[in-house]
file run36.cif (mmCIF, C-alpha atoms)
data_target
loop_
_atom_site.label_atom_id
_atom_site.label_comp_id
_atom_site.auth_asym_id
_atom_site.auth_seq_id
_atom_site.Cartn_x
_atom_site.Cartn_y
_atom_site.Cartn_z
CA MET A 1350 94.05 91.20 87.69
CA ASN A 1351 97.15 92.21 85.73
CA GLY A 1352 99.69 89.74 87.06
CA CYS A 1353 99.75 90.77 90.71
CA GLY A 1354 97.26 88.10 91.72
CA PHE A 1355 95.61 88.28 95.15
CA VAL A 1356 97.73 91.29 96.13
CA GLU A 1357 95.41 93.57 94.21
CA SER A 1358 92.08 92.93 95.89
CA GLY A 1359 90.29 92.05 99.09
CA PHE A 1360 91.44 91.96 102.68
CA VAL A 1361 94.71 90.25 101.81
CA GLY A 1362 95.49 93.05 99.39
CA LEU A 1363 94.92 95.65 102.11
CA VAL A 1364 97.20 93.80 104.52
CA VAL A 1365 99.93 93.43 101.92
CA SER A 1366 99.73 97.12 101.08
CA LEU A 1367 100.05 97.95 104.79
CA VAL A 1368 103.10 95.70 105.12
CA LEU A 1369 104.81 97.29 102.13
CA LEU A 1370 104.02 100.79 103.36
CA THR A 1371 105.37 99.84 106.79
CA LEU A 1372 108.68 98.75 105.26
CA VAL A 1373 109.00 102.04 103.38
CA LYS A 1374 108.13 104.17 106.41
CA SER A 1375 110.39 102.21 108.77
CA ALA A 1376 113.51 102.24 106.54
CA PRO A 1377 114.72 105.78 107.41
CA ILE A 1378 114.05 105.10 111.09
CA VAL A 1379 116.06 101.86 110.83
CA TYR A 1380 119.05 103.73 109.37
CA ALA A 1381 118.97 106.38 112.09
CA ALA A 1382 118.41 103.78 114.83
CA LEU A 1383 121.42 101.78 113.66
CA GLY A 1384 123.42 104.99 113.83
CA GLY A 1385 122.16 105.53 117.35
CA VAL A 1386 123.12 101.99 118.37
CA ILE A 1387 126.72 102.20 117.23
CA SER A 1388 127.15 105.66 118.77
CA GLU A 1389 125.69 104.72 122.14
CA ARG A 1390 127.53 101.41 122.20
CA SER A 1391 130.72 103.49 122.12
CA GLY A 1392 129.47 105.66 124.98
CA VAL A 1393 128.15 108.70 123.10
CA ILE A 1394 124.48 109.69 123.32
CA ASN A 1395 123.61 110.95 119.85
CA ILE A 1396 120.69 113.33 120.34
CA GLY A 1397 121.66 114.88 117.00
CA LEU A 1398 120.21 112.11 114.83
CA GLU A 1399 117.40 114.40 113.69
CA GLY A 1400 119.86 117.04 112.50
CA LEU A 1401 122.09 114.43 110.86
CA MET A 1402 119.10 113.14 108.91
CA ALA A 1403 118.26 116.69 107.82
CA ALA A 1404 121.86 117.25 106.68
CA GLY A 1405 121.80 114.02 104.69
CA ALA A 1406 118.44 114.81 103.12
CA PHE A 1407 119.44 118.33 102.12
CA ALA A 1408 122.84 117.31 100.72
CA ALA A 1409 121.26 114.47 98.75
CA ALA A 1410 118.61 116.73 97.23
CA VAL A 1411 121.04 119.51 96.31
CA THR A 1412 123.61 117.14 94.79
CA SER A 1413 120.97 115.23 92.86
CA TYR A 1414 119.58 118.53 91.52
CA VAL A 1415 122.96 119.92 90.48
CA LEU A 1416 124.45 116.74 89.01
CA HIS A 1417 121.18 115.16 87.83
CA ALA A 1418 122.27 111.89 89.40
CA GLY A 1419 120.31 110.35 92.25
CA TRP A 1420 122.94 107.80 93.24
CA ILE A 1421 125.59 110.50 93.57
CA GLY A 1422 123.09 112.41 95.67
CA LEU A 1423 122.79 109.35 97.90
CA LEU A 1424 126.56 109.30 98.42
CA ALA A 1425 126.49 113.02 99.15
CA GLY A 1426 123.85 112.46 101.82
CA ILE A 1427 125.99 109.78 103.46
CA MET A 1428 129.08 111.98 103.33
CA ALA A 1429 127.21 114.99 104.74
CA GLY A 1430 125.98 112.92 107.66
CA ALA A 1431 129.49 111.59 108.27
CA ALA A 1432 130.99 115.09 108.09
CA VAL A 1433 128.53 116.54 110.59
CA GLY A 1434 129.01 113.44 112.72
CA TYR A 1435 132.74 114.14 112.72
CA VAL A 1436 132.14 117.68 113.99
CA PHE A 1437 129.84 116.33 116.69
CA ALA A 1438 132.38 113.64 117.62
CA LEU A 1439 135.19 116.20 117.95
CA ALA A 1440 133.02 118.36 120.17
CA VAL A 1441 132.17 115.56 122.61
CA THR A 1442 135.54 113.75 122.61
CA ARG A 1443 138.30 116.30 122.19
CA PHE A 1444 136.54 119.36 123.62
CA LYS A 1445 134.39 117.51 126.18
CA VAL A 1446 131.19 119.36 125.27
CA ASP A 1447 128.11 117.97 126.98
CA GLN A 1448 126.74 115.32 124.62
CA VAL A 1449 123.09 116.31 124.92
CA VAL A 1450 123.85 120.01 124.42
CA ALA A 1451 126.08 119.28 121.42
CA GLY A 1452 123.44 116.99 119.91
CA MET A 1453 120.70 119.59 120.25
CA GLY A 1454 123.07 122.14 118.70
CA ILE A 1455 123.53 119.82 115.72
CA ASN A 1456 119.75 119.55 115.36
CA LEU A 1457 119.28 123.32 115.37
CA ILE A 1458 122.22 124.11 113.09
CA CYS A 1459 121.38 121.46 110.49
CA SER A 1460 117.67 122.20 110.36
CA GLY A 1461 118.20 125.96 110.30
CA GLY A 1462 121.08 125.69 107.83
CA ALA A 1463 118.98 123.61 105.46
CA ALA A 1464 116.12 126.14 105.66
CA TYR A 1465 118.53 128.94 104.80
CA GLY A 1466 120.07 126.83 102.05
CA LEU A 1467 116.70 126.45 100.36
CA VAL A 1468 116.45 130.21 99.98
CA LEU A 1469 120.08 130.61 99.01
CA LEU A 1470 120.27 127.81 96.42
CA PHE A 1471 116.69 127.48 95.18
CA ASN A 1472 115.48 131.03 95.83
CA GLN A 1473 112.39 129.71 97.56
CA PRO A 1474 111.57 128.90 101.20
CA GLY A 1475 109.95 125.74 102.43
CA ALA A 1476 110.97 123.25 99.79
CA SER A 1477 113.49 122.65 97.03
CA LYS A 1478 112.68 122.23 93.39
CA THR A 1479 112.00 118.73 92.09
CA VAL A 1480 115.18 116.66 91.96
CA PRO A 1481 116.02 113.33 90.30
CA GLN A 1482 115.27 110.29 92.43
CA LEU A 1483 117.54 107.30 92.88
CA ALA A 1484 115.53 105.21 90.45
CA SER A 1485 112.01 106.36 89.71
CA ALA A 1486 110.88 103.25 87.79
CA ASN A 1487 107.97 101.60 89.60
CA VAL A 1488 108.40 98.03 90.83
CA ARG A 1489 105.49 95.95 89.63
CA CYS A 1490 102.94 95.05 92.31
CA LEU A 1491 104.98 96.56 95.18
CA ASN A 1492 103.69 100.15 94.92
CA MET A 1493 107.20 101.57 95.35
CA ASN A 1494 109.95 102.72 93.05
CA LEU A 1495 113.19 100.85 92.48
CA GLY A 1496 115.21 103.27 94.62
CA GLU A 1497 112.89 102.71 97.57
CA LEU A 1498 113.08 98.95 97.16
CA VAL A 1499 116.88 98.92 97.07
CA LEU A 1500 117.19 101.12 100.16
CA VAL A 1501 114.53 99.19 102.10
CA VAL A 1502 116.40 95.92 101.48
CA LEU A 1503 119.72 97.61 102.28
CA ALA A 1504 118.40 98.84 105.65
CA PHE A 1505 117.75 95.31 106.88
CA LEU A 1506 120.99 93.97 105.42
CA LEU A 1507 122.89 96.69 107.26
CA ALA A 1508 121.14 95.75 110.50
CA ILE A 1509 122.43 92.18 110.14
CA ALA A 1510 125.89 93.41 109.12
CA LEU A 1511 126.14 95.78 112.09
CA HIS A 1512 125.06 93.00 114.46
CA ILE A 1513 127.87 90.81 113.10
CA VAL A 1514 130.40 93.64 113.34
CA LEU A 1515 129.49 94.53 116.93
CA TYR A 1516 129.27 90.98 118.27
CA ARG A 1517 131.59 88.93 116.05
CA THR A 1518 134.61 91.15 115.33
CA PRO A 1519 137.47 92.53 117.45
CA TRP A 1520 136.57 96.09 116.44
CA GLY A 1521 132.99 95.60 117.60
CA LEU A 1522 134.20 94.15 120.90
CA ARG A 1523 136.40 97.21 121.46
CA VAL A 1524 133.57 99.61 120.63
CA ARG A 1525 131.28 97.87 123.11
CA ALA A 1526 134.05 97.81 125.71
CA THR A 1527 134.52 101.55 125.21
CA GLY A 1528 130.84 102.07 125.96
CA GLU A 1529 131.09 99.97 129.12
CA ASN A 1530 134.50 100.83 130.55
CA PRO A 1531 136.75 103.16 128.53
CA LEU A 1532 139.39 103.11 131.25
CA ALA A 1533 139.81 99.36 130.79
CA VAL A 1534 140.19 99.89 127.04
CA LYS A 1535 142.89 102.48 127.69
CA SER A 1536 144.60 100.11 130.12
CA ALA A 1537 144.79 97.56 127.29
CA GLY A 1538 146.86 100.02 125.29
CA LEU A 1539 144.03 101.21 123.04
CA ASN A 1540 142.56 104.67 122.52
CA PRO A 1541 138.88 104.75 123.56
CA LEU A 1542 138.39 108.26 122.14
CA ARG A 1543 139.39 106.98 118.71
CA PHE A 1544 136.72 104.28 118.88
CA ARG A 1545 134.15 106.86 119.94
CA LEU A 1546 135.19 109.17 117.11
CA LEU A 1547 134.87 106.46 114.46
CA ALA A 1548 131.59 105.18 115.90
CA VAL A 1549 129.99 108.64 115.85
CA ILE A 1550 131.18 109.25 112.29
CA ALA A 1551 129.58 105.93 111.28
CA SER A 1552 126.46 106.98 113.18
CA GLY A 1553 126.33 110.21 111.18
CA ALA A 1554 126.77 108.36 107.89
CA LEU A 1555 123.88 106.00 108.69
CA ALA A 1556 121.60 108.84 109.79
CA GLY A 1557 122.56 110.78 106.66
CA LEU A 1558 121.61 107.75 104.59
CA GLY A 1559 118.23 107.73 106.32
CA GLY A 1560 117.75 111.38 105.43
CA ALA A 1561 118.79 110.77 101.82
CA PHE A 1562 116.15 108.02 101.64
CA LEU A 1563 113.48 110.57 102.49
CA ALA A 1564 114.66 113.17 99.97
CA ILE A 1565 115.52 111.14 96.88
CA GLY A 1566 114.29 107.63 97.65
CA GLU A 1567 110.75 108.08 98.87
CA LEU A 1568 110.30 111.62 97.53
CA ASN A 1569 112.03 113.83 94.97
CA LEU A 1570 112.71 117.02 96.94
CA TYR A 1571 113.82 118.42 100.27
CA SER A 1572 111.30 120.29 102.40
CA ASP A 1573 111.56 121.94 105.81
CA GLY A 1574 110.65 119.52 108.57
CA MET A 1575 110.63 116.47 106.31
CA THR A 1576 112.48 114.43 108.95
CA ALA A 1577 109.43 115.08 111.18
CA GLY A 1578 110.96 113.81 114.42
CA ARG A 1579 112.18 110.51 112.97
CA GLY A 1580 115.57 111.05 114.59
CA PHE A 1581 113.94 111.18 118.02
CA ILE A 1582 111.78 108.16 117.20
CA ALA A 1583 115.01 106.37 116.23
CA LEU A 1584 116.41 107.19 119.68
CA ALA A 1585 113.33 105.59 121.20
CA ALA A 1586 113.91 102.55 118.98
CA VAL A 1587 117.48 102.27 120.28
CA ILE A 1588 116.26 102.16 123.87
CA PHE A 1589 113.28 99.92 123.13
CA GLY A 1590 115.62 97.61 121.17
CA ARG A 1591 118.02 97.39 124.14
CA TRP A 1592 120.93 98.98 122.28
CA THR A 1593 121.25 96.09 119.82
CA PRO A 1594 121.10 96.43 116.01
CA LEU A 1595 118.43 93.77 115.52
CA GLY A 1596 116.39 94.94 118.49
CA ALA A 1597 116.49 98.56 117.34
CA THR A 1598 115.52 97.47 113.83
CA GLY A 1599 112.52 95.57 115.15
CA ALA A 1600 111.46 98.57 117.21
CA ALA A 1601 111.89 100.85 114.18
CA VAL A 1602 109.60 98.58 112.17
CA VAL A 1603 106.97 98.81 114.91
CA PHE A 1604 107.16 102.61 114.83
CA GLY A 1605 107.10 102.47 111.03
CA LEU A 1606 103.92 100.43 111.28
CA PHE A 1607 102.23 103.18 113.28
CA GLU A 1608 103.39 105.76 110.74
CA ALA A 1609 102.02 103.62 107.94
CA LEU A 1610 98.75 103.18 109.79
CA GLN A 1611 98.00 106.89 109.63
CA TYR A 1612 97.93 106.69 105.82
CA TRP A 1613 96.26 103.29 105.72
CA ILE A 1614 93.50 104.24 108.17
CA ALA A 1615 92.98 107.61 106.47
CA GLY A 1616 92.28 105.76 103.25
CA GLN A 1617 89.74 103.49 104.96
CA ILE A 1618 88.10 105.83 107.50
CA ALA A 1619 87.90 109.32 106.03
CA TRP A 1620 86.19 110.97 109.00
CA LEU A 1621 89.09 110.49 111.46
CA PRO A 1622 91.04 113.72 112.16
CA ALA A 1623 94.31 113.89 110.21
CA ASP A 1624 96.17 115.42 113.17
CA ALA A 1625 95.21 112.53 115.44
CA LEU A 1626 96.43 110.02 112.88
CA ALA A 1627 99.70 111.93 112.39
CA ALA A 1628 100.38 111.63 116.13
CA LEU A 1629 100.26 107.81 116.09
CA PRO A 1630 104.04 107.11 115.74
CA TYR A 1631 104.91 109.65 118.45
CA ILE A 1632 102.32 108.24 120.84
CA ALA A 1633 103.70 104.78 120.15
CA ALA A 1634 107.23 105.98 120.92
CA LEU A 1635 106.14 107.55 124.21
CA VAL A 1636 104.22 104.44 125.26
CA ALA A 1637 107.19 102.24 124.36
CA LEU A 1638 109.61 104.36 126.38
CA ALA A 1639 107.25 104.44 129.35
CA GLY A 1640 106.96 100.67 129.21
CA VAL A 1641 110.70 99.95 129.18
CA THR A 1642 111.79 102.60 131.71
CA GLY A 1643 113.71 100.91 134.50
CA ARG A 1644 113.70 97.54 132.72
CA VAL A 1645 116.67 98.02 130.42
CA ARG A 1646 120.25 99.02 131.07
CA ALA A 1647 122.21 101.30 128.79
CA PRO A 1648 125.95 100.79 128.29
CA ALA A 1649 127.57 101.74 131.58
CA ALA A 1650 129.63 104.62 130.14
CA ASP A 1651 126.91 105.89 127.79
CA GLY A 1652 126.91 109.68 128.03
CA VAL A 1653 129.91 109.73 130.37
CA PRO A 1654 132.81 111.90 129.10
CA PHE A 1655 136.29 110.39 129.04
#
call {"tool": "encode", "arguments": {"input": "run36.cif", "output": "structure tokens"}}
result
Amino acid sequence: MNGCGFVESGFVGLVVSLVLLTLVKSAPIVYAALGGVISERSGVINIGLEGLMAAGAFAAAVTSYVLHAGWIGLLAGIMAGAAVGYVFALAVTRFKVDQVVAGMGINLICSGGAAYGLVLLFNQPGASKTVPQLASANVRCLNMNLGELVLVVLAFLLAIALHIVLYRTPWGLRVRATGENPLAVKSAGLNPLRFRLLAVIASGALAGLGGAFLAIGELNLYSDGMTAGRGFIALAAVIFGRWTPLGATGAAVVFGLFEALQYWIAGQIAWLPADALAALPYIAALVALAGVTGRVRAPAADGVPF
């Protein structure tokens, strides 16, 4: 023992380590899921969460590398997500582009653009050079660095804050009304497209924050495919969580648990195939979606152009 007490040994220690790993693995999914909630509550299906996370991760890594400042990199990741979210929002509101098509375009452009950027800026494909993290100092007994701890706590605080904003403020009421009946919002003298625009920008910022967590919170580089479908898992969390911030957060934690299990089980049962373990979170997402199909109702105007 070195001050960590029962956390260090035995069955309790294994369970605690699994819980902590679950929190780390669920945090980026929570950020993206919260982005999906606010977007879909305004009536815009954000299929582009995966690309927004990639944009945030790449911007965070590049900025942190150039400026040698992880926290500035974090802000850059948020701003990159918001900027791409703005482009997506313009496409689906002003130019009436199909939301699913526009979202898939965002995924392809951001992922491909980041891959090209690695070659252009770092002169190497596949992964960037090592970049400064947010705060690399280890937190005693928690098996995570300070940057991870701050962002994990922030994810759950933002979930509570977004719940309050959506259900306890006039702006949140108008966003939800826009997702249910934009014509009624317009009849009240308000601009529903403006609410959709702002909601999608906020969605991009949150997804970008989730990507930045991966690049400079959990790791210290950007690599191709590092988002690994988390944006799509976040979409599943939005549906499984019934389009509510707290529900989506809970679902994201469940999916994070299955992602954590692949590492936890691999450390306990070495003979299990790595590919089978890696599929656990995706299988969980598919099972969850199959279980809630037909039992939940999306906002009435979700995905409907106005």
call {"tool": "residues_around", "arguments": {"input": "run36.cif", "residues": "Gly1384 (chain A)", "least_positions_apart": "4", "cutoff": "8 Å", "atoms": "only C-alpha atoms", "output": "ChimeraX atom specification"}}
result
/A:1380,1388,1398,1549,1551-1556
call {"tool": "closest_residue", "arguments": {"input": "run36.cif", "among": "A:Val1502, A:Ala1609, A:Ala1440, A:Ala1410", "to": "Leu1423 (chain A)", "atoms": "all atoms listed in the file"}}
result
A:Ala1410
call {"tool": "resolve_selection", "arguments": {"input": "run36.cif", "expression": "the PyMOL selection byres ((chain A and resi 1432) around 10)", "output": "VMD selection string"}}
result
chain A and resid 1401 1404 to 1405 1426 to 1431 1433 to 1438 1550 to 1551 1553 to 1554 1557
call {"tool": "write_last_selection", "arguments": {"input": "run36.cif", "atoms": "C-alpha atoms", "output": "tab-separated table (two decimals), in the coordinates of the input"}}
result
chain	number	residue	atom	x	y	z
A	1401	LEU	CA	122.09	114.43	110.86
A	1404	ALA	CA	121.86	117.25	106.68
A	1405	GLY	CA	121.80	114.02	104.69
A	1426	GLY	CA	123.85	112.46	101.82
A	1427	ILE	CA	125.99	109.78	103.46
A	1428	MET	CA	129.08	111.98	103.33
A	1429	ALA	CA	127.21	114.99	104.74
A	1430	GLY	CA	125.98	112.92	107.66
A	1431	ALA	CA	129.49	111.59	108.27
A	1433	VAL	CA	128.53	116.54	110.59
A	1434	GLY	CA	129.01	113.44	112.72
A	1435	TYR	CA	132.74	114.14	112.72
A	1436	VAL	CA	132.14	117.68	113.99
A	1437	PHE	CA	129.84	116.33	116.69
A	1438	ALA	CA	132.38	113.64	117.62
A	1550	ILE	CA	131.18	109.25	112.29
A	1551	ALA	CA	129.58	105.93	111.28
A	1553	GLY	CA	126.33	110.21	111.18
A	1554	ALA	CA	126.77	108.36	107.89
A	1557	GLY	CA	122.56	110.78	106.66
call {"tool": "resolve_selection", "arguments": {"input": "run36.cif", "expression": "the PyMOL selection byres ((chain A and resi 1528-1533) around 12)", "output": "count of residues only"}}
result
41
call {"tool": "closest_atom_pairs", "arguments": {"input": "run36.cif", "of": "region 1384-1481 of chain A", "to": "region 1572-1584 of chain A", "cutoff": "12 Å", "atoms": "all atoms listed in the file", "output": "Markdown table"}}
result
| residue | atom | partner | partner_atom | distance |
| --- | --- | --- | --- | --- |
| A:Gly1384 | CA | A:Ala1583 | CA | 8.9 |
| A:Gly1385 | CA | A:Leu1584 | CA | 6.4 |
| A:Val1386 | CA | A:Leu1584 | CA | 8.6 |
| A:Ile1387 | CA | A:Leu1584 | CA | 11.7 |
| A:Ser1388 | CA | A:Leu1584 | CA | 10.9 |
| A:Glu1389 | CA | A:Leu1584 | CA | 9.9 |
| A:Ile1394 | CA | A:Leu1584 | CA | 9.2 |
| A:Asn1395 | CA | A:Leu1584 | CA | 8.1 |
| A:Ile1396 | CA | A:Phe1581 | CA | 7.5 |
| A:Gly1397 | CA | A:Gly1580 | CA | 7.6 |
| A:Leu1398 | CA | A:Gly1580 | CA | 4.8 |
| A:Glu1399 | CA | A:Gly1580 | CA | 3.9 |
| A:Gly1400 | CA | A:Gly1580 | CA | 7.7 |
| A:Leu1401 | CA | A:Gly1580 | CA | 8.2 |
| A:Met1402 | CA | A:Thr1576 | CA | 6.7 |
| A:Ala1403 | CA | A:Thr1576 | CA | 6.3 |
| A:Ala1404 | CA | A:Thr1576 | CA | 10.1 |
| A:Gly1405 | CA | A:Thr1576 | CA | 10.3 |
| A:Ala1406 | CA | A:Thr1576 | CA | 8.3 |
| A:Phe1407 | CA | A:Ser1572 | CA | 8.4 |
| A:Ala1410 | CA | A:Ser1572 | CA | 9.6 |
| A:Val1411 | CA | A:Ser1572 | CA | 11.5 |
| A:Gly1452 | CA | A:Gly1580 | CA | 11.2 |
| A:Met1453 | CA | A:Phe1581 | CA | 11.0 |
| A:Ile1455 | CA | A:Gly1580 | CA | 11.9 |
| A:Asn1456 | CA | A:Gly1580 | CA | 9.5 |
| A:Leu1457 | CA | A:Gly1574 | CA | 11.6 |
| A:Cys1459 | CA | A:Asp1573 | CA | 10.9 |
| A:Ser1460 | CA | A:Asp1573 | CA | 7.6 |
| A:Gly1461 | CA | A:Asp1573 | CA | 9.0 |
| A:Gly1462 | CA | A:Asp1573 | CA | 10.4 |
| A:Ala1463 | CA | A:Asp1573 | CA | 7.6 |
| A:Ala1464 | CA | A:Asp1573 | CA | 6.2 |
| A:Tyr1465 | CA | A:Asp1573 | CA | 9.9 |
| A:Gly1466 | CA | A:Asp1573 | CA | 10.5 |
| A:Leu1467 | CA | A:Ser1572 | CA | 8.4 |
| A:Val1468 | CA | A:Asp1573 | CA | 11.2 |
| A:Phe1471 | CA | A:Ser1572 | CA | 11.5 |
| A:Gln1473 | CA | A:Ser1572 | CA | 10.6 |
| A:Pro1474 | CA | A:Asp1573 | CA | 8.3 |
| A:Gly1475 | CA | A:Asp1573 | CA | 5.3 |
| A:Ala1476 | CA | A:Ser1572 | CA | 4.0 |
| A:Ser1477 | CA | A:Ser1572 | CA | 6.3 |
| A:Lys1478 | CA | A:Ser1572 | CA | 9.3 |
| A:Thr1479 | CA | A:Ser1572 | CA | 10.5 |
| A:Val1480 | CA | A:Ser1572 | CA | 11.7 |
call {"tool": "atom_distance", "arguments": {"input": "run36.cif", "atom1": "CA of Leu1595 (chain A)", "atom2": "CA of Ala1508 (chain A)"}}
result
6.0 Å
call {"tool": "atom_distance", "arguments": {"input": "run36.cif", "atom1": "CA of Leu1469 (chain A)", "atom2": "CA of Ala1408 (chain A)"}}
result
13.7 Å
call {"tool": "atom_distance", "arguments": {"input": "run36.cif", "atom1": "CA of Ala1564 (chain A)", "atom2": "CA of Ala1382 (chain A)"}}
result
18.0 Å
call {"tool": "resolve_selection", "arguments": {"input": "run36.cif", "expression": "the PyMOL selection byres ((chain A and resi 1494) around 12)", "output": "JSON, numbers by chain"}}
result
{"A": [1369, 1373, 1482, 1483, 1484, 1485, 1486, 1487, 1488, 1489, 1490, 1491, 1492, 1493, 1495, 1496, 1497, 1498, 1499, 1500, 1501, 1562, 1565, 1566, 1567, 1568, 1569]}
call {"tool": "build_atoms", "arguments": {"input": "run36.cif", "residues": "region 1540-1564 of chain A", "atoms": "N, CA and C atoms", "output": "PDB file, in the frame of the given file"}}
result
ATOM      1  N   ASN A1540     143.048 103.306 122.352  1.00  0.00           N
ATOM      2  CA  ASN A1540     142.560 104.670 122.520  1.00  0.00           C
ATOM      3  C   ASN A1540     141.037 104.687 122.452  1.00  0.00           C
ATOM      4  N   PRO A1541     140.352 104.784 123.584  1.00  0.00           N
ATOM      5  CA  PRO A1541     138.880 104.750 123.560  1.00  0.00           C
ATOM      6  C   PRO A1541     138.269 105.942 122.816  1.00  0.00           C
ATOM      7  N   LEU A1542     138.933 107.096 122.846  1.00  0.00           N
ATOM      8  CA  LEU A1542     138.390 108.260 122.140  1.00  0.00           C
ATOM      9  C   LEU A1542     138.384 108.035 120.630  1.00  0.00           C
ATOM     10  N   ARG A1543     139.354 107.290 120.143  1.00  0.00           N
ATOM     11  CA  ARG A1543     139.390 106.980 118.710  1.00  0.00           C
ATOM     12  C   ARG A1543     138.201 106.110 118.326  1.00  0.00           C
ATOM     13  N   PHE A1544     137.876 105.137 119.166  1.00  0.00           N
ATOM     14  CA  PHE A1544     136.720 104.280 118.880  1.00  0.00           C
ATOM     15  C   PHE A1544     135.430 105.091 118.926  1.00  0.00           C
ATOM     16  N   ARG A1545     135.342 106.010 119.869  1.00  0.00           N
ATOM     17  CA  ARG A1545     134.150 106.860 119.940  1.00  0.00           C
ATOM     18  C   ARG A1545     134.052 107.753 118.709  1.00  0.00           C
ATOM     19  N   LEU A1546     135.181 108.302 118.286  1.00  0.00           N
ATOM     20  CA  LEU A1546     135.190 109.170 117.110  1.00  0.00           C
ATOM     21  C   LEU A1546     134.700 108.423 115.878  1.00  0.00           C
ATOM     22  N   LEU A1547     135.257 107.232 115.643  1.00  0.00           N
ATOM     23  CA  LEU A1547     134.870 106.460 114.460  1.00  0.00           C
ATOM     24  C   LEU A1547     133.420 105.998 114.547  1.00  0.00           C
ATOM     25  N   ALA A1548     132.965 105.637 115.744  1.00  0.00           N
ATOM     26  CA  ALA A1548     131.590 105.180 115.900  1.00  0.00           C
ATOM     27  C   ALA A1548     130.597 106.296 115.623  1.00  0.00           C
ATOM     28  N   VAL A1549     130.908 107.512 116.074  1.00  0.00           N
ATOM     29  CA  VAL A1549     129.990 108.640 115.850  1.00  0.00           C
ATOM     30  C   VAL A1549     129.988 109.054 114.386  1.00  0.00           C
ATOM     31  N   ILE A1550     131.140 108.967 113.729  1.00  0.00           N
ATOM     32  CA  ILE A1550     131.180 109.250 112.290  1.00  0.00           C
ATOM     33  C   ILE A1550     130.301 108.241 111.541  1.00  0.00           C
ATOM     34  N   ALA A1551     130.431 106.952 111.899  1.00  0.00           N
ATOM     35  CA  ALA A1551     129.580 105.930 111.280  1.00  0.00           C
ATOM     36  C   ALA A1551     128.111 106.189 111.585  1.00  0.00           C
ATOM     37  N   SER A1552     127.830 106.645 112.797  1.00  0.00           N
ATOM     38  CA  SER A1552     126.460 106.980 113.180  1.00  0.00           C
ATOM     39  C   SER A1552     125.916 108.096 112.292  1.00  0.00           C
ATOM     40  N   GLY A1553     126.744 109.114 112.048  1.00  0.00           N
ATOM     41  CA  GLY A1553     126.330 110.210 111.180  1.00  0.00           C
ATOM     42  C   GLY A1553     126.076 109.755 109.756  1.00  0.00           C
ATOM     43  N   ALA A1554     126.943 108.862 109.256  1.00  0.00           N
ATOM     44  CA  ALA A1554     126.770 108.360 107.890  1.00  0.00           C
ATOM     45  C   ALA A1554     125.458 107.593 107.754  1.00  0.00           C
ATOM     46  N   LEU A1555     125.127 106.768 108.747  1.00  0.00           N
ATOM     47  CA  LEU A1555     123.880 106.000 108.690  1.00  0.00           C
ATOM     48  C   LEU A1555     122.659 106.913 108.784  1.00  0.00           C
ATOM     49  N   ALA A1556     122.718 107.901 109.689  1.00  0.00           N
ATOM     50  CA  ALA A1556     121.600 108.840 109.790  1.00  0.00           C
ATOM     51  C   ALA A1556     121.464 109.663 108.517  1.00  0.00           C
ATOM     52  N   GLY A1557     122.606 110.057 107.924  1.00  0.00           N
ATOM     53  CA  GLY A1557     122.560 110.780 106.660  1.00  0.00           C
ATOM     54  C   GLY A1557     121.943 109.951 105.555  1.00  0.00           C
ATOM     55  N   LEU A1558     122.221 108.652 105.555  1.00  0.00           N
ATOM     56  CA  LEU A1558     121.610 107.750 104.590  1.00  0.00           C
ATOM     57  C   LEU A1558     120.095 107.695 104.784  1.00  0.00           C
ATOM     58  N   GLY A1559     119.661 107.696 106.049  1.00  0.00           N
ATOM     59  CA  GLY A1559     118.230 107.730 106.320  1.00  0.00           C
ATOM     60  C   GLY A1559     117.577 109.003 105.799  1.00  0.00           C
ATOM     61  N   GLY A1560     118.266 110.130 105.964  1.00  0.00           N
ATOM     62  CA  GLY A1560     117.750 111.380 105.430  1.00  0.00           C
ATOM     63  C   GLY A1560     117.704 111.382 103.913  1.00  0.00           C
ATOM     64  N   ALA A1561     118.753 110.844 103.286  1.00  0.00           N
ATOM     65  CA  ALA A1561     118.790 110.770 101.820  1.00  0.00           C
ATOM     66  C   ALA A1561     117.643 109.907 101.293  1.00  0.00           C
ATOM     67  N   PHE A1562     117.292 108.863 102.032  1.00  0.00           N
ATOM     68  CA  PHE A1562     116.150 108.020 101.640  1.00  0.00           C
ATOM     69  C   PHE A1562     114.882 108.859 101.533  1.00  0.00           C
ATOM     70  N   LEU A1563     114.687 109.744 102.506  1.00  0.00           N
ATOM     71  CA  LEU A1563     113.480 110.570 102.490  1.00  0.00           C
ATOM     72  C   LEU A1563     113.457 111.517 101.289  1.00  0.00           C
ATOM     73  N   ALA A1564     114.619 112.113 100.980  1.00  0.00           N
ATOM     74  CA  ALA A1564     114.660 113.170  99.970  1.00  0.00           C
ATOM     75  C   ALA A1564     114.645 112.649  98.537  1.00  0.00           C
TER      76      ALA A1564
END
